[in-house]
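Visitor: For reference, the file structure.pdb (PDB, C-alpha atoms, pLDDT in the B column) is included below:
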ATOM      1  CA  GLY A  10       8.409 -23.477 -28.540  1.00 47.00           C
ATOM      2  CA  THR A  11       5.257 -21.762 -29.638  1.00 58.00           C
ATOM      3  CA  SER A  12       4.743 -18.421 -28.041  1.00 67.00           C
ATOM      4  CA  MET A  13       1.746 -18.033 -25.766  1.00 90.00           C
ATOM      5  CA  LEU A  14       1.963 -14.299 -26.230  1.00 95.00           C
ATOM      6  CA  ARG A  15       0.743 -12.218 -29.143  1.00 96.00           C
ATOM      7  CA  ILE A  16       2.139  -8.737 -29.537  1.00 96.00           C
ATOM      8  CA  THR A  17       0.372  -6.212 -31.725  1.00 96.00           C
ATOM      9  CA  GLU A  18       2.278  -3.047 -32.560  1.00 94.00           C
ATOM     10  CA  THR A  19       0.340   0.089 -33.402  1.00 94.00           C
ATOM     11  CA  LEU A  20       1.780   3.507 -34.079  1.00 91.00           C
ATOM     12  CA  GLU A  21      -0.552   5.777 -32.121  1.00 86.00           C
ATOM     13  CA  ASN A  22       1.132   8.910 -33.440  1.00 88.00           C
ATOM     14  CA  PRO A  23       4.704   9.810 -34.435  1.00 86.00           C
ATOM     15  CA  GLN A  24       5.597  10.091 -30.744  1.00 88.00           C
ATOM     16  CA  ALA A  25       3.963   6.967 -29.367  1.00 90.00           C
ATOM     17  CA  VAL A  26       3.773   3.291 -30.119  1.00 91.00           C
ATOM     18  CA  ARG A  27       1.283   0.934 -28.500  1.00 94.00           C
ATOM     19  CA  LEU A  28       2.260  -2.653 -27.802  1.00 95.00           C
ATOM     20  CA  LYS A  29      -0.841  -4.698 -27.114  1.00 97.00           C
ATOM     21  CA  LEU A  30      -0.080  -7.923 -25.312  1.00 97.00           C
ATOM     22  CA  ASP A  31      -2.420 -10.908 -25.510  1.00 97.00           C
ATOM     23  CA  GLY A  32      -1.870 -14.140 -23.638  1.00 96.00           C
ATOM     24  CA  ILE A  33       0.508 -15.253 -20.936  1.00 95.00           C
ATOM     25  CA  LEU A  34       3.509 -13.227 -19.883  1.00 95.00           C
ATOM     26  CA  SER A  35       6.014 -15.738 -18.533  1.00 94.00           C
ATOM     27  CA  ARG A  36       9.778 -15.881 -18.392  1.00 89.00           C
ATOM     28  CA  GLU A  37       9.819 -17.443 -21.881  1.00 91.00           C
ATOM     29  CA  THR A  38       7.349 -15.143 -23.598  1.00 94.00           C
ATOM     30  CA  TYR A  39       8.911 -12.136 -21.898  1.00 93.00           C
ATOM     31  CA  GLU A  40      11.922 -12.626 -24.168  1.00 92.00           C
ATOM     32  CA  ASP A  41       9.681 -12.239 -27.230  1.00 91.00           C
ATOM     33  CA  PHE A  42       8.221  -9.103 -25.741  1.00 92.00           C
ATOM     34  CA  GLU A  43      11.640  -7.773 -24.828  1.00 91.00           C
ATOM     35  CA  GLN A  44      12.885  -8.072 -28.411  1.00 90.00           C
ATOM     36  CA  VAL A  45       9.954  -6.036 -29.710  1.00 90.00           C
ATOM     37  CA  PHE A  46      10.224  -3.591 -26.819  1.00 88.00           C
ATOM     38  CA  LEU A  47      13.956  -3.030 -27.237  1.00 85.00           C
ATOM     39  CA  GLY A  48      13.400  -2.519 -30.952  1.00 84.00           C
ATOM     40  CA  HIS A  49      11.525   0.650 -30.036  1.00 77.00           C
ATOM     41  CA  HIS A  50      13.269   1.639 -26.868  1.00 64.00           C
ATOM     42  CA  PRO A  51      17.036   2.109 -27.267  1.00 58.00           C
ATOM     43  CA  GLY A  52      17.626   5.831 -27.307  1.00 62.00           C
ATOM     44  CA  GLY A  53      14.235   6.235 -28.912  1.00 67.00           C
ATOM     45  CA  THR A  54      12.178   9.291 -28.155  1.00 74.00           C
ATOM     46  CA  LYS A  55       8.891   7.446 -28.579  1.00 82.00           C
ATOM     47  CA  MET A  56       6.554   6.892 -25.695  1.00 89.00           C
ATOM     48  CA  ILE A  57       5.770   3.197 -25.374  1.00 91.00           C
ATOM     49  CA  VAL A  58       2.265   2.328 -24.249  1.00 93.00           C
ATOM     50  CA  LEU A  59       1.988  -1.239 -22.983  1.00 95.00           C
ATOM     51  CA  ASP A  60      -1.612  -2.353 -23.293  1.00 97.00           C
ATOM     52  CA  MET A  61      -2.045  -5.201 -20.819  1.00 96.00           C
ATOM     53  CA  GLN A  62      -5.749  -5.765 -21.404  1.00 96.00           C
ATOM     54  CA  GLY A  63      -5.315  -9.142 -23.089  1.00 96.00           C
ATOM     55  CA  VAL A  64      -2.776 -10.507 -20.618  1.00 96.00           C
ATOM     56  CA  THR A  65      -4.457 -13.476 -18.969  1.00 94.00           C
ATOM     57  CA  PHE A  66      -1.615 -14.369 -16.643  1.00 93.00           C
ATOM     58  CA  LEU A  67       1.558 -12.701 -15.469  1.00 95.00           C
ATOM     59  CA  HIS A  68       4.271 -14.853 -13.921  1.00 94.00           C
ATOM     60  CA  GLU A  69       6.210 -13.346 -11.044  1.00 94.00           C
ATOM     61  CA  GLY A  70       9.565 -13.500 -12.851  1.00 93.00           C
ATOM     62  CA  ALA A  71       8.112 -11.597 -15.787  1.00 94.00           C
ATOM     63  CA  ALA A  72       6.428  -9.141 -13.436  1.00 94.00           C
ATOM     64  CA  ARG A  73       9.758  -8.397 -11.798  1.00 93.00           C
ATOM     65  CA  LYS A  74      11.346  -7.598 -15.176  1.00 92.00           C
ATOM     66  CA  LEU A  75       8.329  -5.602 -16.276  1.00 91.00           C
ATOM     67  CA  ALA A  76       8.445  -3.504 -13.116  1.00 89.00           C
ATOM     68  CA  ARG A  77      12.013  -2.517 -14.040  1.00 86.00           C
ATOM     69  CA  VAL A  78      11.346  -1.428 -17.623  1.00 82.00           C
ATOM     70  CA  GLY A  79       9.132   1.351 -16.404  1.00 68.00           C
ATOM     71  CA  GLY A  80      10.312   4.900 -16.580  1.00 73.00           C
ATOM     72  CA  ALA A  81       9.225   8.145 -18.111  1.00 76.00           C
ATOM     73  CA  ARG A  82       8.782   6.736 -21.606  1.00 84.00           C
ATOM     74  CA  VAL A  83       6.823   3.634 -20.684  1.00 89.00           C
ATOM     75  CA  ARG A  84       3.181   3.624 -19.685  1.00 91.00           C
ATOM     76  CA  LEU A  85       1.270   0.516 -18.648  1.00 93.00           C
ATOM     77  CA  VAL A  86      -2.447   0.697 -19.373  1.00 95.00           C
ATOM     78  CA  ASN A  87      -5.435  -1.605 -18.872  1.00 97.00           C
ATOM     79  CA  CYS A  88      -3.827  -3.652 -16.119  1.00 95.00           C
ATOM     80  CA  SER A  89      -6.226  -6.024 -14.391  1.00 95.00           C
ATOM     81  CA  PRO A  90      -6.397  -5.791 -10.592  1.00 94.00           C
ATOM     82  CA  PHE A  91      -4.363  -9.007 -10.431  1.00 92.00           C
ATOM     83  CA  ILE A  92      -1.554  -7.574 -12.574  1.00 94.00           C
ATOM     84  CA  GLN A  93      -1.659  -4.221 -10.791  1.00 94.00           C
ATOM     85  CA  THR A  94      -1.313  -5.909  -7.396  1.00 95.00           C
ATOM     86  CA  LEU A  95       1.501  -8.172  -8.552  1.00 94.00           C
ATOM     87  CA  LEU A  96       3.486  -5.299 -10.057  1.00 93.00           C
ATOM     88  CA  GLU A  97       3.088  -3.228  -6.899  1.00 93.00           C
ATOM     89  CA  ALA A  98       4.227  -6.202  -4.816  1.00 94.00           C
ATOM     90  CA  VAL A  99       7.403  -6.826  -6.835  1.00 93.00           C
ATOM     91  CA  ARG A 100       8.210  -3.116  -6.905  1.00 90.00           C
ATOM     92  CA  ARG A 101       8.099  -3.058  -3.125  1.00 91.00           C
ATOM     93  CA  GLN A 102      10.457  -6.032  -2.905  1.00 87.00           C
ATOM     94  CA  ASP A 103      13.069  -4.490  -5.160  1.00 71.00           C
TER
END
Turn this file's structure into structure tokens for me.
Guide:
Amino acid sequence: GTSMLRITETLENPQAVRLKLDGILSRETYEDFEQVFLGHHPGGTKMIVLDMQGVTFLHEGAARKLARVGGARVRLVNCSPFIQTLLEAVRRQD
């Protein structure tokens, strides 16, 4: 189906890439995101900045996966209070 998520990749500097997400992050669109994300991530030394500013809705299933991809090389920025709260909630459940 058509993706409800737009992903814009920007190289911030040689060490960091920014993935700006716009739209809805659901179980389906998470797979699109994951492909882009894993393209940068495996054994990569780049820092990945996930810009969540344009995310209008985050489904719980996607939130649970997103909470797990964290780590030293991944930084979530511009999370709305809704997204922040949801991520904290699923992290506590894990």
Visitor: The PyMOL selection byres ((chain A and resi 37-51) around 10) - which residues does that actually catch in the file I just gave you? List them as a ChimeraX atom specification.
Guide: /A:10-18,25-26,28,30,32-36,52-57,59,67-68,70-72,74-75,78,82-83
Visitor: For Val64 (chain A), which residue among A:Ala81, A:Val86, A:Asp31, A:Leu96 is the nearest when counting only C-alpha atoms?
Guide: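 Distance minimum relative to Val64 (chain A) lands on A:Asp31.
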Visitor: One number please: CA of Gln24 (chain A) to CA of Val58 (chain A), in Å, one decimal.
Guide: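 Taking CA of Gln24 (chain A) as the start and CA of Val58 (chain A) as the end point, the length is 10.7 Å.
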Visitor: Of the residues A:Arg100, A:Thr19, A:Pro90, A:Leu95, which is the one nearest to Asp60 (chain A), using all atoms listed in the file?
Guide: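 Among the listed residues, A:Thr19 lies closest to Asp60 (chain A).
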Visitor: Using all atoms listed in the file, which residues sit within 12 Å of Gln102 (chain A) once same-chain residues fewer than 3 positions away are excluded, as a list in words?
Guide: Glu69, Ala72, Arg73, Ala76, Arg77, Leu95, Leu96, Glu97, Ala98 and Val99 of chain A
Visitor: To verify the selection step, state as a ChimeraX atom specification which residues the PyMOL selection byres ((chain A and resi 87) around 8) yields on this input.
Guide: /A:60-62,85-86,88-89
